[in-house]
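Asks: Okay, so here is structure-v8.tsv, and as you'll see once you scroll down, it has TSV, C-alpha atoms.
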chain	number	residue	atom	x	y	z
A	1197	GLN	CA	-124.64	-94.88	51.39
A	1198	ALA	CA	-127.37	-97.02	52.96
A	1199	GLU	CA	-130.90	-96.35	51.86
A	1200	ALA	CA	-133.33	-95.10	54.49
A	1201	LYS	CA	-135.94	-97.57	55.54
A	1202	GLU	CA	-139.50	-96.78	54.97
A	1203	GLY	CA	-140.83	-94.44	57.65
A	1204	GLN	CA	-137.31	-93.31	58.67
A	1205	GLU	CA	-135.67	-90.06	57.75
A	1206	PRO	CA	-132.61	-90.29	55.53
A	1207	ALA	CA	-129.26	-90.10	57.34
A	1208	ALA	CA	-127.40	-86.87	57.07
A	1209	ALA	CA	-124.29	-86.82	54.80
A	1210	PRO	CA	-120.98	-86.91	56.74
A	1211	GLU	CA	-119.11	-83.62	56.89
A	1212	MET	CA	-115.80	-83.43	54.91
A	1213	ARG	CA	-113.05	-81.57	56.69
A	1214	LYS	CA	-110.90	-79.39	54.51
A	1215	VAL	CA	-107.15	-80.01	54.97
A	1216	LYS	CA	-104.80	-77.12	54.34
A	1217	LYS	CA	-101.53	-78.08	52.56
A	1218	LEU	CA	-98.35	-76.85	54.11
A	1219	VAL	CA	-95.44	-75.90	51.77
A	1220	ARG	CA	-92.00	-75.66	53.24
A	1221	LYS	CA	-89.07	-74.05	51.36
A	1222	ALA	CA	-85.43	-74.84	52.05
A	1223	ASP	CA	-82.05	-74.39	50.29
A	1224	LEU	CA	-80.76	-77.55	48.65
A	1225	THR	CA	-77.09	-78.40	48.26
A	1226	VAL	CA	-76.22	-79.13	44.58
A	1227	LEU	CA	-73.14	-81.20	43.78
A	1228	GLN	CA	-71.79	-80.98	40.22
A	1229	ALA	CA	-70.31	-84.17	38.84
A	1230	SER	CA	-68.66	-84.80	35.44
A	1231	GLN	CA	-66.55	-87.44	33.68
A	1232	CYS	CA	-64.13	-84.74	32.42
A	1233	LEU	CA	-60.75	-84.41	34.09
A	1234	ASP	CA	-59.66	-81.23	35.74
A	1235	ALA	CA	-57.34	-78.81	33.97
A	1236	ALA	CA	-54.22	-79.76	35.92
A	1237	THR	CA	-54.66	-83.44	35.12
A	1238	LEU	CA	-55.26	-82.70	31.46
A	1239	THR	CA	-52.11	-80.57	31.29
A	1240	ASP	CA	-50.04	-83.30	32.90
A	1241	LEU	CA	-51.38	-85.98	30.57
A	1242	ALA	CA	-50.75	-83.79	27.50
A	1243	LYS	CA	-47.16	-83.27	28.62
A	1244	ARG	CA	-46.67	-87.00	29.07
A	1245	GLU	CA	-48.00	-87.63	25.57
A	1246	ARG	CA	-45.63	-85.07	24.06
A	1247	ASP	CA	-42.72	-86.58	25.96
A	1248	MET	CA	-43.57	-90.06	24.68
A	1249	HIS	CA	-43.83	-88.77	21.10
A	1250	THR	CA	-40.48	-87.01	21.41
A	1251	ALA	CA	-38.93	-90.18	22.78
A	1252	ASP	CA	-40.34	-92.22	19.87
A	1253	VAL	CA	-38.96	-89.74	17.33
A	1254	LEU	CA	-35.55	-89.82	18.99
A	1255	VAL	CA	-35.53	-93.61	18.97
A	1256	GLY	CA	-36.28	-93.61	15.24
A	1257	ALA	CA	-33.64	-90.97	14.50
A	1258	THR	CA	-31.08	-92.86	16.56
A	1259	GLU	CA	-31.77	-96.05	14.61
A	1260	VAL	CA	-31.36	-94.18	11.32
A	1261	ALA	CA	-28.04	-92.71	12.47
A	1262	LYS	CA	-26.82	-96.13	13.55
A	1263	ASN	CA	-27.78	-97.70	10.22
A	1264	SER	CA	-26.12	-94.85	8.31
A	1265	LEU	CA	-22.86	-95.43	10.18
A	1266	GLU	CA	-22.98	-99.18	9.57
A	1267	GLU	CA	-23.77	-98.69	5.88
A	1268	TYR	CA	-20.91	-96.21	5.43
A	1269	ILE	CA	-18.38	-98.54	7.08
A	1270	TYR	CA	-19.13	-101.40	4.66
A	1271	GLU	CA	-19.49	-99.18	1.58
A	1272	ALA	CA	-16.35	-97.13	2.25
A	1273	ARG	CA	-14.24	-100.23	2.91
A	1274	ALA	CA	-15.33	-101.81	-0.38
A	1275	LYS	CA	-14.65	-98.65	-2.39
A	1276	VAL	CA	-11.34	-97.68	-0.81
A	1277	GLU	CA	-10.06	-101.16	-1.58
A	1278	GLY	CA	-11.61	-101.02	-5.06
A	1279	GLU	CA	-12.48	-98.05	-7.27
A	1280	TYR	CA	-11.07	-95.44	-4.85
A	1281	ALA	CA	-7.73	-97.24	-4.44
A	1282	ALA	CA	-5.93	-95.11	-7.06
A	1283	PHE	CA	-7.23	-91.91	-5.49
A	1284	ILE	CA	-5.86	-92.37	-1.99
A	1285	GLU	CA	-2.24	-92.62	-0.94
A	1286	ALA	CA	-1.13	-95.97	0.48
A	1287	ALA	CA	-0.47	-94.61	3.98
A	1288	ASP	CA	-3.83	-92.81	4.07
A	1289	GLN	CA	-5.59	-95.91	2.81
A	1290	LYS	CA	-4.08	-98.01	5.57
A	1291	GLN	CA	-5.07	-95.45	8.21
A	1292	PHE	CA	-8.60	-95.17	6.87
A	1293	LEU	CA	-9.14	-98.93	6.79
A	1294	ALA	CA	-7.93	-99.14	10.39
A	1295	LYS	CA	-10.39	-96.44	11.42
A	1296	LEU	CA	-13.21	-98.29	9.66
A	1297	MET	CA	-12.34	-101.50	11.52
A	1298	GLU	CA	-12.18	-99.62	14.81
A	1299	ALA	CA	-15.59	-98.04	14.16
A	1300	GLU	CA	-17.10	-101.42	13.27
A	1301	ASP	CA	-15.81	-103.00	16.49
A	1302	TRP	CA	-17.19	-100.08	18.50
A	1303	LEU	CA	-20.55	-100.29	16.72
A	1304	TYR	CA	-21.11	-103.92	17.71
A	1305	ASP	CA	-19.81	-103.44	21.25
A	1306	GLU	CA	-20.38	-100.33	23.35
A	1307	GLY	CA	-21.89	-98.51	20.39
A	1308	ASP	CA	-24.67	-101.04	19.99
A	1309	ASP	CA	-26.91	-99.01	22.28
A	1310	THR	CA	-25.84	-95.39	22.53
A	1311	THR	CA	-27.05	-91.92	21.57
A	1312	LYS	CA	-27.83	-90.47	18.19
A	1313	ASP	CA	-25.14	-87.83	18.63
A	1314	ALA	CA	-22.50	-90.53	19.19
A	1315	TYR	CA	-23.36	-92.20	15.87
A	1316	VAL	CA	-23.42	-88.88	14.02
A	1317	GLU	CA	-20.06	-87.85	15.46
A	1318	LYS	CA	-18.48	-91.21	14.58
A	1319	LEU	CA	-19.76	-91.00	10.99
A	1320	ALA	CA	-18.50	-87.43	10.57
A	1321	GLY	CA	-15.03	-88.50	11.69
A	1322	LEU	CA	-14.90	-91.29	9.13
A	1323	LYS	CA	-16.15	-89.07	6.30
A	1324	ALA	CA	-13.44	-86.54	7.04
A	1325	LEU	CA	-10.94	-89.24	6.11
A	1326	GLY	CA	-12.82	-90.88	3.26
A	1327	GLU	CA	-14.53	-88.00	1.46
A	1328	PRO	CA	-11.35	-86.54	-0.16
A	1329	ALA	CA	-10.75	-89.80	-2.02
A	1330	ALA	CA	-14.41	-89.94	-3.07
A	1331	GLU	CA	-14.21	-86.37	-4.37
A	1332	ARG	CA	-11.05	-87.08	-6.39
A	1333	PHE	CA	-12.78	-90.14	-7.88
A	1334	ARG	CA	-15.85	-88.10	-8.87
A	1335	GLU	CA	-13.74	-85.32	-10.36
A	1336	ASP	CA	-11.76	-87.81	-12.42
A	1337	LYS	CA	-15.04	-88.94	-14.00
A	1338	GLU	CA	-16.72	-85.55	-14.38
A	1339	ARG	CA	-13.72	-83.44	-15.45
A	1340	PRO	CA	-13.30	-84.96	-18.96
A	1341	LYS	CA	-17.01	-84.54	-19.67
A	1342	ALA	CA	-16.93	-80.90	-18.59
A	1343	ALA	CA	-13.80	-80.31	-20.71
A	1344	ARG	CA	-15.52	-81.79	-23.81
A	1345	GLU	CA	-18.54	-79.58	-23.28
A	1346	LEU	CA	-16.33	-76.49	-22.95
A	1347	ARG	CA	-14.45	-77.37	-26.15
A	1348	ASP	CA	-17.78	-77.79	-27.94
A	1349	THR	CA	-18.84	-74.36	-26.70
A	1350	ILE	CA	-15.54	-72.87	-27.88
A	1351	ALA	CA	-15.97	-74.43	-31.33
A	1352	GLN	CA	-19.54	-73.16	-31.67
A	1353	TRP	CA	-18.62	-69.56	-30.89
A	1354	ALA	CA	-15.51	-69.72	-33.08
A	1355	ASP	CA	-17.68	-70.86	-36.00
A	1356	ARG	CA	-20.07	-67.96	-35.45
A	1357	ALA	CA	-17.30	-65.38	-35.04
A	1358	THR	CA	-15.74	-66.38	-38.38
A	1359	SER	CA	-18.97	-67.13	-40.21
A	1360	GLN	CA	-19.76	-65.41	-43.52
A	1361	GLU	CA	-23.47	-66.10	-43.23
A	1362	GLU	CA	-25.83	-63.27	-44.00
A	1363	ARG	CA	-27.25	-63.22	-40.46
A	1364	TYR	CA	-23.80	-62.26	-39.13
A	1365	ALA	CA	-22.93	-59.81	-41.92
A	1366	HIS	CA	-23.67	-56.79	-39.72
A	1367	ILE	CA	-21.25	-57.90	-36.99
A	1368	THR	CA	-18.12	-55.78	-37.34
A	1369	SER	CA	-14.63	-57.22	-37.56
A	1370	GLU	CA	-13.78	-55.57	-34.24
A	1371	GLU	CA	-16.69	-57.29	-32.53
A	1372	ARG	CA	-15.76	-60.62	-34.04
A	1373	GLN	CA	-12.17	-60.18	-32.88
A	1374	ARG	CA	-13.33	-59.56	-29.32
A	1375	VAL	CA	-15.10	-62.92	-29.34
A	1376	ILE	CA	-12.10	-64.67	-30.88
A	1377	ASP	CA	-9.75	-63.17	-28.28
A	1378	ARG	CA	-12.00	-64.39	-25.48
A	1379	ILE	CA	-12.15	-67.86	-27.06
A	1380	GLU	CA	-8.37	-68.06	-27.27
A	1381	LYS	CA	-8.05	-66.99	-23.62
A	1382	VAL	CA	-10.50	-69.69	-22.46
A	1383	GLN	CA	-8.81	-72.34	-24.60
A	1384	GLU	CA	-5.40	-71.42	-23.18
A	1385	TRP	CA	-6.77	-71.57	-19.62
A	1386	LEU	CA	-8.28	-75.02	-20.20
A	1387	ASP	CA	-5.16	-76.48	-21.81
A	1388	GLU	CA	-2.93	-75.15	-19.03
A	1389	LYS	CA	-5.14	-76.48	-16.22
A	1390	LEU	CA	-5.58	-79.89	-17.79
A	1391	ASP	CA	-1.85	-80.18	-18.44
A	1392	LYS	CA	-1.08	-79.49	-14.78
A	1393	GLN	CA	-3.74	-81.97	-13.68
A	1394	ALA	CA	-2.29	-84.67	-15.96
A	1395	GLN	CA	1.10	-84.30	-14.27
A	1396	ARG	CA	-0.27	-84.90	-10.77
A	1397	PRO	CA	-0.96	-88.34	-9.26
A	1398	LYS	CA	-4.61	-89.26	-8.95
A	1399	TRP	CA	-4.40	-89.39	-5.17
A	1400	ASP	CA	-3.27	-85.75	-5.02
A	1401	ALA	CA	-5.65	-82.80	-4.69
A	1402	PRO	CA	-7.10	-81.70	-8.08
A	1403	THR	CA	-5.77	-78.55	-9.72
A	1404	ILE	CA	-9.03	-78.03	-11.61
A	1405	PHE	CA	-12.62	-79.00	-10.85
A	1406	ALA	CA	-15.47	-79.83	-13.20
A	1407	ASN	CA	-17.62	-76.99	-11.89
A	1408	GLU	CA	-14.83	-74.51	-12.72
A	1409	ILE	CA	-14.78	-75.75	-16.32
A	1410	ALA	CA	-18.57	-75.48	-16.54
A	1411	LYS	CA	-18.34	-71.91	-15.23
A	1412	GLN	CA	-15.93	-71.00	-18.04
A	1413	SER	CA	-18.45	-72.31	-20.57
A	1414	GLU	CA	-21.23	-70.23	-19.04
A	1415	ASP	CA	-19.05	-67.11	-18.91
A	1416	LEU	CA	-18.03	-67.47	-22.56
A	1417	ALA	CA	-21.64	-67.78	-23.66
A	1418	TYR	CA	-22.58	-64.79	-21.48
A	1419	PHE	CA	-19.83	-62.72	-23.12
A	1420	ALA	CA	-20.33	-63.75	-26.76
A	1421	THR	CA	-24.12	-63.96	-26.98
A	1422	PRO	CA	-24.87	-60.19	-26.89
A	1423	ILE	CA	-22.21	-59.59	-29.56
A	1424	MET	CA	-23.03	-62.32	-32.06
A	1425	ASN	CA	-26.81	-62.15	-31.51
A	1426	ARG	CA	-27.00	-58.38	-31.93
A	1427	PRO	CA	-30.02	-57.66	-34.14
A	1428	LYS	CA	-29.36	-56.47	-37.67
A	1429	PRO	CA	-29.98	-52.68	-37.82
A	1430	GLU	CA	-32.99	-51.38	-39.73
A	1431	PRO	CA	-32.04	-50.14	-43.24
A	1432	LYS	CA	-31.98	-46.37	-43.85
A	1433	PRO	CA	-34.80	-44.87	-45.98
A	1434	GLU	CA	-32.46	-44.14	-48.89
A	1435	GLU	CA	-31.22	-47.72	-48.81
A	1436	VAL	CA	-34.81	-48.97	-48.92
A	1437	ALA	CA	-35.56	-46.73	-51.90
A	1438	ALA	CA	-32.39	-47.82	-53.68
A	1439	ALA	CA	-33.21	-51.47	-53.10
A	1440	ALA	CA	-36.72	-50.95	-54.47
A	1441	ALA	CA	-35.40	-49.17	-57.57
A	1442	ALA	CA	-32.70	-51.72	-58.30
A	1443	PRO	CA	-34.96	-54.18	-60.19
A	1444	GLU	CA	-36.27	-51.41	-62.44
A	1445	LEU	CA	-32.73	-50.24	-63.26
A	1446	LYS	CA	-31.68	-53.75	-64.09
A	1447	GLN	CA	-34.72	-54.16	-66.34
A	1448	GLU	CA	-33.96	-50.89	-68.14
A	1449	GLU	CA	-30.36	-51.95	-68.64
A	1450	ALA	CA	-31.54	-55.28	-69.98
A	1451	ASP	CA	-33.96	-53.60	-72.36
A	1452	GLY	CA	-31.29	-51.17	-73.56
A	1453	SER	CA	-28.79	-53.89	-74.22
A	1454	ALA	CA	-31.35	-55.94	-76.11
A	1455	THR	CA	-32.42	-53.13	-78.55
A	1456	PRO	CA	-29.32	-53.13	-80.82
A	1457	GLN	CA	-29.52	-56.87	-81.20
A	1458	GLN	CA	-33.16	-56.63	-82.20
A	1459	GLU	CA	-32.41	-53.92	-84.74
A	1460	MET	CA	-29.59	-56.00	-86.17
A	1461	ASP	CA	-31.93	-58.93	-86.63
A	1462	VAL	CA	-34.40	-56.72	-88.55
A	1463	ASP	CA	-31.75	-55.50	-90.96
As structure tokens, how would this structure be written, given the file I've shared?

Replies:
Amino acid sequence: QAEAKEGQEPAAAPEMRKVKKLVRKADLTVLQASQCLDAATLTDLAKRERDMHTADVLVGATEVAKNSLEEYIYEARAKVEGEYAAFIEAADQKQFLAKLMEAEDWLYDEGDDTTKDAYVEKLAGLKALGEPAAERFREDKERPKAARELRDTIAQWADRATSQEERYAHITSEERQRVIDRIEKVQEWLDEKLDKQAQRPKWDAPTIFANEIAKQSEDLAYFATPIMNRPKPEPKPEEVAAAAAAPELKQEEADGSATPQQEMDVD
């Protein structure tokens, strides 16, 4: 502001006009935006992921089935020409080997890229022909072992049934005979079955299986155990009293028999 000169009146201050602010209100359009996908898209993507996982699992299972078939072809051929040879008839062996060759040719041709079910079905067909020989081979190995174990069981219970040990003194002769009769029955069964098996060719169906022999051993033990392991009964009161008095009676008898001898020595 300029200063007033000497002798002049100061200039009046300029007037300030008041301005009234205007406020206008209006509805605004709000748009919502997000990086998330909508529900339909998410559902579709989840389904695709499940389908891909299922496809991967199926591919893996198919490869396992294919490898199992290939492994069985080579293993079965080696065994049927080797350790299984005595357990399969010549005509059946020839047929089985032909089926194995046919399956191998198929596996490396049209079967190189096929379904899991096709591999599983092909393997099942081969096992239907080869498994009987494998079973006869296993039984030929396991049957003698099971028979030895049954004979050992028979011998153990026979020893107990005829034992004169004090722990078996309370077992009656009738009870012992029941065990012996059962032992003789089992022994007769085993001898008869093994005799029939010995007369059959190895490639024929077994007349007796190892698990049947093991079952006989279990049944014999189940029958004999309650009889031979029956607890000794508690003595009667009068027997207890008599047993307690026995030492005193023996001592009195000893003293009485010694008195005449002593008197004779004095004389």

Asks: With all atoms listed in the file as the counted atoms, please give the residues lying no more than 10 Å from segment 1354-1360 of chain A, apart from itself and same-chain residues fewer than 3 positions off, as a PyMOL selection string.

Replies: chain A and resi 1348-1351+1363-1365+1367-1369+1371-1380+1420+1423-1425

Asks: Go ahead and compute the interatomic distance for atom CA of Pro1431 of chain A and atom CA of Gln1352 of chain A, in Å to one decimal.

Replies: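 Separation between atom CA of Pro1431 of chain A and atom CA of Gln1352 of chain A: 28.6 Å.
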
Asks: Enter the distance from atom CA of Arg1273 of chain A to atom CA of Lys1290 of chain A, in Å, rounded to one decimal.

Replies: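 Atom-to-atom, atom CA of Arg1273 of chain A and atom CA of Lys1290 of chain A are spaced 10.7 Å apart.
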
Asks: Quick one: residues within 12 Å of Glu1285 of chain A, all atoms listed in the file counted, chain neighbours fewer than 5 positions away excluded, as a PyMOL selection string?

Replies: chain A and resi 1276-1277+1280+1290-1292+1325-1326+1328-1329+1332+1397-1401

Asks: Can you tell me which residues surround Gly1307 of chain A at a distance of at most 12 Å, considering all atoms listed in the file, apart from same-chain residues fewer than 3 positions away, and format the answer as an mmCIF file with C-alpha atoms, in the frame of the given file?

Replies:
data_model
loop_
_atom_site.group_PDB
_atom_site.id
_atom_site.type_symbol
_atom_site.label_atom_id
_atom_site.label_comp_id
_atom_site.auth_asym_id
_atom_site.auth_seq_id
_atom_site.Cartn_x
_atom_site.Cartn_y
_atom_site.Cartn_z
ATOM 1 C CA THR A 1258 -31.080 -92.860 16.560
ATOM 2 C CA GLU A 1259 -31.770 -96.050 14.610
ATOM 3 C CA ALA A 1261 -28.040 -92.710 12.470
ATOM 4 C CA LYS A 1262 -26.820 -96.130 13.550
ATOM 5 C CA ASN A 1263 -27.780 -97.700 10.220
ATOM 6 C CA LEU A 1265 -22.860 -95.430 10.180
ATOM 7 C CA GLU A 1266 -22.980 -99.180 9.570
ATOM 8 C CA GLU A 1298 -12.180 -99.620 14.810
ATOM 9 C CA ALA A 1299 -15.590 -98.040 14.160
ATOM 10 C CA GLU A 1300 -17.100 -101.420 13.270
ATOM 11 C CA ASP A 1301 -15.810 -103.000 16.490
ATOM 12 C CA TRP A 1302 -17.190 -100.080 18.500
ATOM 13 C CA LEU A 1303 -20.550 -100.290 16.720
ATOM 14 C CA TYR A 1304 -21.110 -103.920 17.710
ATOM 15 C CA THR A 1310 -25.840 -95.390 22.530
ATOM 16 C CA THR A 1311 -27.050 -91.920 21.570
ATOM 17 C CA LYS A 1312 -27.830 -90.470 18.190
ATOM 18 C CA ASP A 1313 -25.140 -87.830 18.630
ATOM 19 C CA ALA A 1314 -22.500 -90.530 19.190
ATOM 20 C CA TYR A 1315 -23.360 -92.200 15.870
ATOM 21 C CA VAL A 1316 -23.420 -88.880 14.020
ATOM 22 C CA GLU A 1317 -20.060 -87.850 15.460
ATOM 23 C CA LYS A 1318 -18.480 -91.210 14.580
#

Asks: To one decimal place, how far is atom CA of Ala1342 of chain A from atom CA of Leu1416 of chain A in Å?

Replies: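 Taking atom CA of Ala1342 of chain A and atom CA of Leu1416 of chain A, their separation equals 14.0 Å.
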
Asks: If we count only C-alpha atoms, what is near Glu1414 of chain A at a cut-off of 12 Å, once residues fewer than 4 positions away on the same chain are taken out, given as a list in words?

Replies: Ala1342, Glu1345, Leu1346, Thr1349, Ile1350, Val1382, Asn1407, Glu1408, Ile1409, Ala1410, Tyr1418, Phe1419, Ala1420 and Thr1421 of chain A

Asks: Considering all atoms listed in the file, state which residue in the set A:Glu1361, A:Glu1384, A:Asp1240, A:Asp1336 is at the smallest distance from Arg1396 of chain A.

Replies: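 Among the listed residues, the smallest separation from Arg1396 of chain A belongs to A:Asp1336.
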
Asks: Which neighbours of Leu1390 of chain A fall inside 9 Å, counting only C-alpha atoms, when residues of the same chain fewer than 3 positions from it are skipped, and could you give them as a list of chain:residue names?

Replies: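 Residues meeting the cut-off are A:Ala1343, A:Trp1385, A:Leu1386, A:Asp1387, A:Gln1393, A:Ala1394, A:Gln1395, A:Thr1403, A:Ile1404.
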
Asks: With C-alpha atoms retained, write the just-selected residues as an mmCIF file, in the frame of the given file.

Replies:
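Once everything was written out, this is result.cif:
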data_model
loop_
_atom_site.group_PDB
_atom_site.id
_atom_site.type_symbol
_atom_site.label_atom_id
_atom_site.label_comp_id
_atom_site.auth_asym_id
_atom_site.auth_seq_id
_atom_site.Cartn_x
_atom_site.Cartn_y
_atom_site.Cartn_z
ATOM 1 C CA ALA A 1343 -13.800 -80.310 -20.710
ATOM 2 C CA TRP A 1385 -6.770 -71.570 -19.620
ATOM 3 C CA LEU A 1386 -8.280 -75.020 -20.200
ATOM 4 C CA ASP A 1387 -5.160 -76.480 -21.810
ATOM 5 C CA GLN A 1393 -3.740 -81.970 -13.680
ATOM 6 C CA ALA A 1394 -2.290 -84.670 -15.960
ATOM 7 C CA GLN A 1395 1.100 -84.300 -14.270
ATOM 8 C CA THR A 1403 -5.770 -78.550 -9.720
ATOM 9 C CA ILE A 1404 -9.030 -78.030 -11.610
#
